[in-house]
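J.: Mind having a look at this structure? Questions to follow.
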Amino acid sequence: QTQIATLYIKGRGEDELVFKVVSDPPQMAEQIQIRKPRAKGLTAQILRSGETLVIENAAQDDRVSSVIKNLGIQSQLGVPVQVGGETVGVLFAGSMELHHFTARELSLTAFLVNQASRAIRNAQLYQEITRLNLQLEERVEQRTSELAAANTELTMERDRTEALYRVARELSETLDLNRVMTRALQLLRESIEMKQGSILLVDQQTGKLVLRASLGRALNLPTKGQPTAYGAGVGH
């Protein structure tokens with residue numbers, strides 16, 4: 001025979017409490033805080049002890065806060081809400097008339113609180129599963145990105161290896177030095193997308209560099225190449 005019930009549940013903060021109020025008449029619930037910065041009084045006592053508290057004459061009990069007395073609550077019952085052996089909240093039931101809570105009422109209240117505990121536990125498990133799923137998705141996404149990067153690197157390495165193989169294969173098919181060098185530049189352009197390139201060889205008689213092949217510049221090189229003013233250690 002209660003007119004008001006309040007369910008306190010520990011929030012994310014160490015001492016924070018959030019709760020739901022149900023009352024008859026409904027306007028009475030508006031007079032009670034919907035959020036508390038920390039547990040105090042009877043709420044803190046039940047959270048610490050984990051034991052049911054019965055107050056049959058609130059007006060004569062110094063433990064009852066002035067807020068409860070001003071609401072006109074005459075009798076009050078406080079039951080701990082426990083999940084996994086831990087007290088995570090408190091259910092208060094109040095009567096606007098002096099009331100003796102019978103063993104049947106205490107048993108029924110305990111049953112209802114037990115059901116609430118299961119619902120809370122299920123909600124906590126759902127939140128934990130959701131959190132773990134998000135973490136798993138983040139890890140999968142990260143791993144996928146890492147694998148994609150690794151695959152890109154492997155693809156590039158494969159292309160480089162294939163390019164080198166093509167260069168070696170095609171250059172081994174001819175003994176014409178000028179053709180070999182020109183084709184080498186062409187294959188390098190295809191492989192690494194270079195725009196310009198040159199091959200210079202050292203003239204063993206003069207010690208100077210001779211331009212033997214060029215790519216990207218309009219040059220008509222003689223058969224033996226074009227001598228330059230550069231030598232070993234000289235040039236840019």
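In the structure tokens, chains take the letters A, B, ... in the order shown, each chain's residues start at 1, and ligands count up from 1 in the order shown.
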Do you know which residues are at most 12 Å from Glu105 (chain A) counting only C-alpha atoms, after dropping those on the same chain fewer than 3 positions away, and could you put them as a PDB file with all heavy atoms, in the first residue's frame?

T.:
```
ATOM      1  N   GLN A   1       0.842  -1.187   0.000  1.00  0.00           N
ATOM      2  CA  GLN A   1       0.000   0.000   0.000  1.00  0.00           C
ATOM      3  C   GLN A   1       0.886   1.248   0.000  1.00  0.00           C
ATOM      4  O   GLN A   1       0.969   1.961   0.980  1.00  0.00           O
ATOM      5  CB  GLN A   1      -0.909  -0.001   1.234  1.00  0.00           C
ATOM      6  CG  GLN A   1      -1.826  -1.210   1.332  1.00  0.00           C
ATOM      7  CD  GLN A   1      -2.848  -1.216   0.223  1.00  0.00           C
ATOM      8  OE1 GLN A   1      -3.356  -0.168  -0.173  1.00  0.00           O
ATOM      9  NE2 GLN A   1      -3.135  -2.408  -0.306  1.00  0.00           N
ATOM     10  N   THR A   2       1.548   1.513  -1.100  1.00  0.00           N
ATOM     11  CA  THR A   2       2.430   2.686  -1.200  1.00  0.00           C
ATOM     12  C   THR A   2       1.925   3.615  -2.280  1.00  0.00           C
ATOM     13  O   THR A   2       1.260   3.211  -3.241  1.00  0.00           O
ATOM     14  CB  THR A   2       3.873   2.275  -1.526  1.00  0.00           C
ATOM     15  OG1 THR A   2       3.877   1.597  -2.786  1.00  0.00           O
ATOM     16  CG2 THR A   2       4.428   1.351  -0.455  1.00  0.00           C
ATOM     17  N   VAL A  54      13.389  -0.668   7.113  1.00  0.00           N
ATOM     18  CA  VAL A  54      11.950  -0.437   7.292  1.00  0.00           C
ATOM     19  C   VAL A  54      11.748   0.701   8.279  1.00  0.00           C
ATOM     20  O   VAL A  54      12.257   0.663   9.405  1.00  0.00           O
ATOM     21  CB  VAL A  54      11.231  -1.702   7.812  1.00  0.00           C
ATOM     22  CG1 VAL A  54       9.749  -1.415   8.034  1.00  0.00           C
ATOM     23  CG2 VAL A  54      11.416  -2.853   6.816  1.00  0.00           C
ATOM     24  N   LEU A  77       9.954   2.167   3.037  1.00  0.00           N
ATOM     25  CA  LEU A  77      10.684   0.905   2.926  1.00  0.00           C
ATOM     26  C   LEU A  77      11.820   1.088   1.923  1.00  0.00           C
ATOM     27  O   LEU A  77      11.604   1.581   0.815  1.00  0.00           O
ATOM     28  CB  LEU A  77       9.734  -0.202   2.437  1.00  0.00           C
ATOM     29  CG  LEU A  77      10.356  -1.573   2.136  1.00  0.00           C
ATOM     30  CD1 LEU A  77      10.899  -2.198   3.414  1.00  0.00           C
ATOM     31  CD2 LEU A  77       9.307  -2.484   1.485  1.00  0.00           C
ATOM     32  N   VAL A  79      14.914  -0.934  -0.049  1.00  0.00           N
ATOM     33  CA  VAL A  79      15.427  -2.275  -0.391  1.00  0.00           C
ATOM     34  C   VAL A  79      16.622  -2.133  -1.328  1.00  0.00           C
ATOM     35  O   VAL A  79      16.539  -1.425  -2.341  1.00  0.00           O
ATOM     36  CB  VAL A  79      14.338  -3.120  -1.071  1.00  0.00           C
ATOM     37  CG1 VAL A  79      14.861  -4.521  -1.361  1.00  0.00           C
ATOM     38  CG2 VAL A  79      13.093  -3.174  -0.195  1.00  0.00           C
ATOM     39  N   ALA A  93      10.007   2.644  -1.236  1.00  0.00           N
ATOM     40  CA  ALA A  93       8.558   2.666  -1.373  1.00  0.00           C
ATOM     41  C   ALA A  93       7.998   3.429  -0.188  1.00  0.00           C
ATOM     42  O   ALA A  93       8.361   3.167   0.962  1.00  0.00           O
ATOM     43  CB  ALA A  93       8.007   1.243  -1.404  1.00  0.00           C
ATOM     44  N   HIS A  99       1.933   2.961   8.100  1.00  0.00           N
ATOM     45  CA  HIS A  99       1.704   1.635   7.541  1.00  0.00           C
ATOM     46  C   HIS A  99       2.690   0.638   8.137  1.00  0.00           C
ATOM     47  O   HIS A  99       3.875   0.916   8.307  1.00  0.00           O
ATOM     48  CB  HIS A  99       1.857   1.663   6.020  1.00  0.00           C
ATOM     49  CG  HIS A  99       1.633   0.340   5.363  1.00  0.00           C
ATOM     50  ND1 HIS A  99       0.375  -0.197   5.218  1.00  0.00           N
ATOM     51  CD2 HIS A  99       2.505  -0.554   4.826  1.00  0.00           C
ATOM     52  CE1 HIS A  99       0.476  -1.352   4.610  1.00  0.00           C
ATOM     53  NE2 HIS A  99       1.767  -1.608   4.375  1.00  0.00           N
ATOM     54  N   HIS A 100       2.169  -0.536   8.462  1.00  0.00           N
ATOM     55  CA  HIS A 100       3.010  -1.624   8.934  1.00  0.00           C
ATOM     56  C   HIS A 100       3.275  -2.565   7.750  1.00  0.00           C
ATOM     57  O   HIS A 100       2.341  -3.158   7.195  1.00  0.00           O
ATOM     58  CB  HIS A 100       2.309  -2.390  10.066  1.00  0.00           C
ATOM     59  CG  HIS A 100       3.037  -3.655  10.447  1.00  0.00           C
ATOM     60  ND1 HIS A 100       4.259  -3.652  11.075  1.00  0.00           N
ATOM     61  CD2 HIS A 100       2.696  -4.963  10.245  1.00  0.00           C
ATOM     62  CE1 HIS A 100       4.653  -4.899  11.254  1.00  0.00           C
ATOM     63  NE2 HIS A 100       3.718  -5.722  10.773  1.00  0.00           N
ATOM     64  N   PHE A 101       4.522  -2.657   7.368  1.00  0.00           N
ATOM     65  CA  PHE A 101       4.883  -3.513   6.235  1.00  0.00           C
ATOM     66  C   PHE A 101       4.873  -4.975   6.685  1.00  0.00           C
ATOM     67  O   PHE A 101       5.636  -5.382   7.565  1.00  0.00           O
ATOM     68  CB  PHE A 101       6.260  -3.131   5.693  1.00  0.00           C
ATOM     69  CG  PHE A 101       6.289  -1.772   5.052  1.00  0.00           C
ATOM     70  CD1 PHE A 101       6.729  -0.665   5.772  1.00  0.00           C
ATOM     71  CD2 PHE A 101       5.861  -1.593   3.751  1.00  0.00           C
ATOM     72  CE1 PHE A 101       6.760   0.586   5.192  1.00  0.00           C
ATOM     73  CE2 PHE A 101       5.886  -0.336   3.165  1.00  0.00           C
ATOM     74  CZ  PHE A 101       6.330   0.757   3.878  1.00  0.00           C
ATOM     75  N   THR A 102       3.992  -5.756   6.085  1.00  0.00           N
ATOM     76  CA  THR A 102       3.859  -7.169   6.454  1.00  0.00           C
ATOM     77  C   THR A 102       4.967  -8.002   5.793  1.00  0.00           C
ATOM     78  O   THR A 102       5.650  -7.555   4.859  1.00  0.00           O
ATOM     79  CB  THR A 102       2.499  -7.706   6.008  1.00  0.00           C
ATOM     80  OG1 THR A 102       2.440  -7.692   4.569  1.00  0.00           O
ATOM     81  CG2 THR A 102       1.374  -6.849   6.562  1.00  0.00           C
ATOM     82  N   LEU A 108       7.158  -9.625  -1.383  1.00  0.00           N
ATOM     83  CA  LEU A 108       6.779  -9.186  -2.727  1.00  0.00           C
ATOM     84  C   LEU A 108       7.736  -8.112  -3.243  1.00  0.00           C
ATOM     85  O   LEU A 108       8.158  -8.136  -4.393  1.00  0.00           O
ATOM     86  CB  LEU A 108       5.346  -8.658  -2.713  1.00  0.00           C
ATOM     87  CG  LEU A 108       4.824  -8.102  -4.050  1.00  0.00           C
ATOM     88  CD1 LEU A 108       4.858  -9.190  -5.119  1.00  0.00           C
ATOM     89  CD2 LEU A 108       3.408  -7.553  -3.875  1.00  0.00           C
ATOM     90  N   THR A 109       8.082  -7.188  -2.350  1.00  0.00           N
ATOM     91  CA  THR A 109       9.016  -6.126  -2.739  1.00  0.00           C
ATOM     92  C   THR A 109      10.369  -6.711  -3.108  1.00  0.00           C
ATOM     93  O   THR A 109      10.998  -6.315  -4.096  1.00  0.00           O
ATOM     94  CB  THR A 109       9.186  -5.106  -1.596  1.00  0.00           C
ATOM     95  OG1 THR A 109       7.904  -4.582  -1.227  1.00  0.00           O
ATOM     96  CG2 THR A 109      10.096  -3.971  -2.023  1.00  0.00           C
ATOM     97  N   ALA A 110      10.829  -7.680  -2.310  1.00  0.00           N
ATOM     98  CA  ALA A 110      12.116  -8.320  -2.593  1.00  0.00           C
ATOM     99  C   ALA A 110      12.078  -9.023  -3.957  1.00  0.00           C
ATOM    100  O   ALA A 110      13.062  -8.997  -4.717  1.00  0.00           O
ATOM    101  CB  ALA A 110      12.463  -9.313  -1.494  1.00  0.00           C
ATOM    102  N   PHE A 111      10.937  -9.646  -4.263  1.00  0.00           N
ATOM    103  CA  PHE A 111      10.789 -10.317  -5.558  1.00  0.00           C
ATOM    104  C   PHE A 111      10.870  -9.313  -6.705  1.00  0.00           C
ATOM    105  O   PHE A 111      11.552  -9.545  -7.709  1.00  0.00           O
ATOM    106  CB  PHE A 111       9.451 -11.059  -5.601  1.00  0.00           C
ATOM    107  CG  PHE A 111       9.119 -11.626  -6.963  1.00  0.00           C
ATOM    108  CD1 PHE A 111       9.721 -12.798  -7.404  1.00  0.00           C
ATOM    109  CD2 PHE A 111       8.214 -10.976  -7.791  1.00  0.00           C
ATOM    110  CE1 PHE A 111       9.422 -13.313  -8.656  1.00  0.00           C
ATOM    111  CE2 PHE A 111       7.921 -11.488  -9.042  1.00  0.00           C
ATOM    112  CZ  PHE A 111       8.520 -12.654  -9.480  1.00  0.00           C
ATOM    113  N   LEU A 112      10.151  -8.193  -6.547  1.00  0.00           N
ATOM    114  CA  LEU A 112      10.160  -7.161  -7.593  1.00  0.00           C
ATOM    115  C   LEU A 112      11.555  -6.576  -7.779  1.00  0.00           C
ATOM    116  O   LEU A 112      11.997  -6.332  -8.903  1.00  0.00           O
ATOM    117  CB  LEU A 112       9.160  -6.056  -7.244  1.00  0.00           C
ATOM    118  CG  LEU A 112       7.687  -6.465  -7.237  1.00  0.00           C
ATOM    119  CD1 LEU A 112       6.815  -5.304  -6.761  1.00  0.00           C
ATOM    120  CD2 LEU A 112       7.259  -6.915  -8.633  1.00  0.00           C
TER     121      LEU A 112
END
```

J.: Applying 10 Å and only C-alpha atoms, which residues near region 220-226 of chain A remain after dropping the ones on its own chain fewer than 2 positions away? List them as a JSON list (two decimals) with N, CA, C and O atoms, in the first residue's frame.

T.:
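out39.json, written as the output of this step:
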```json
[["chain", "number", "residue", "atom", "x", "y", "z"],
["A", 177, "LEU", "N", 74.76, -2.15, -77.97],
["A", 177, "LEU", "CA", 74.82, -1.35, -76.73],
["A", 177, "LEU", "C", 73.88, -0.16, -76.76],
["A", 177, "LEU", "O", 73.19, 0.13, -75.77],
["A", 178, "ASN", "N", 73.82, 0.55, -77.88],
["A", 178, "ASN", "CA", 72.95, 1.73, -77.96],
["A", 178, "ASN", "C", 71.48, 1.32, -77.81],
["A", 178, "ASN", "O", 70.70, 1.98, -77.12],
["A", 200, "LEU", "N", 75.11, 7.85, -69.15],
["A", 200, "LEU", "CA", 76.43, 8.33, -69.53],
["A", 200, "LEU", "C", 77.46, 7.28, -69.16],
["A", 200, "LEU", "O", 77.39, 6.70, -68.07],
["A", 201, "LEU", "N", 78.40, 7.03, -70.05],
["A", 201, "LEU", "CA", 79.46, 6.06, -69.81],
["A", 201, "LEU", "C", 80.82, 6.78, -69.84],
["A", 201, "LEU", "O", 81.00, 7.77, -70.57],
["A", 209, "LEU", "N", 82.89, 11.70, -69.53],
["A", 209, "LEU", "CA", 81.60, 11.03, -69.65],
["A", 209, "LEU", "C", 81.04, 11.26, -71.04],
["A", 209, "LEU", "O", 81.09, 12.38, -71.57],
["A", 210, "VAL", "N", 80.49, 10.20, -71.61],
["A", 210, "VAL", "CA", 79.88, 10.26, -72.94],
["A", 210, "VAL", "C", 78.40, 9.93, -72.81],
["A", 210, "VAL", "O", 78.03, 8.90, -72.23],
["A", 211, "LEU", "N", 77.56, 10.83, -73.32],
["A", 211, "LEU", "CA", 76.11, 10.63, -73.29],
["A", 211, "LEU", "C", 75.76, 9.59, -74.35],
["A", 211, "LEU", "O", 75.92, 9.83, -75.55],
["A", 212, "ARG", "N", 75.28, 8.41, -73.92],
["A", 212, "ARG", "CA", 75.00, 7.33, -74.85],
["A", 212, "ARG", "C", 73.51, 7.13, -75.11],
["A", 212, "ARG", "O", 73.14, 6.58, -76.14],
["A", 213, "ALA", "N", 72.68, 7.56, -74.18],
["A", 213, "ALA", "CA", 71.23, 7.41, -74.39],
["A", 213, "ALA", "C", 70.51, 8.50, -73.61],
["A", 213, "ALA", "O", 70.95, 8.91, -72.53],
["A", 214, "SER", "N", 69.40, 8.97, -74.18],
["A", 214, "SER", "CA", 68.65, 10.04, -73.52],
["A", 214, "SER", "C", 67.16, 9.84, -73.76],
["A", 214, "SER", "O", 66.75, 9.36, -74.82],
["A", 217, "ARG", "N", 64.24, 14.20, -74.06],
["A", 217, "ARG", "CA", 64.83, 15.36, -74.71],
["A", 217, "ARG", "C", 65.07, 15.04, -76.19],
["A", 217, "ARG", "O", 65.47, 13.92, -76.52],
["A", 218, "ALA", "N", 64.84, 16.03, -77.03],
["A", 218, "ALA", "CA", 65.00, 15.83, -78.49],
["A", 218, "ALA", "C", 66.47, 15.91, -78.86],
["A", 218, "ALA", "O", 67.01, 16.98, -79.17],
["A", 228, "THR", "N", 80.97, 14.73, -73.33],
["A", 228, "THR", "CA", 80.64, 15.86, -72.46],
["A", 228, "THR", "C", 81.91, 16.38, -71.82],
["A", 228, "THR", "O", 82.99, 15.80, -71.95]]
```

J.: Return as a PyMOL selection string the full set of residues in region 13-235 of chain A whose backbone-based DSSP assignment is helix (DSSP H, G or I).

T.: chain A and resi 26-31+41-49+58-60+66-70+103-171+177-192

J.: Env of region 67-69 of chain A: 10 Å cut, atoms = only C-alpha atoms, seq-sep filter 4 positions within chain, self excluded. Answer as a PyMOL selection string.

T.: chain A and resi 31-32+58-61+73-76+94+96

J.: What separation in Å, quoted to one decimal, exists between CA of Glu97 (chain A) and CA of Glu56 (chain A)?

T.: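 Taking CA of Glu97 (chain A) as the start and CA of Glu56 (chain A) as the end point, the length is 9.4 Å.
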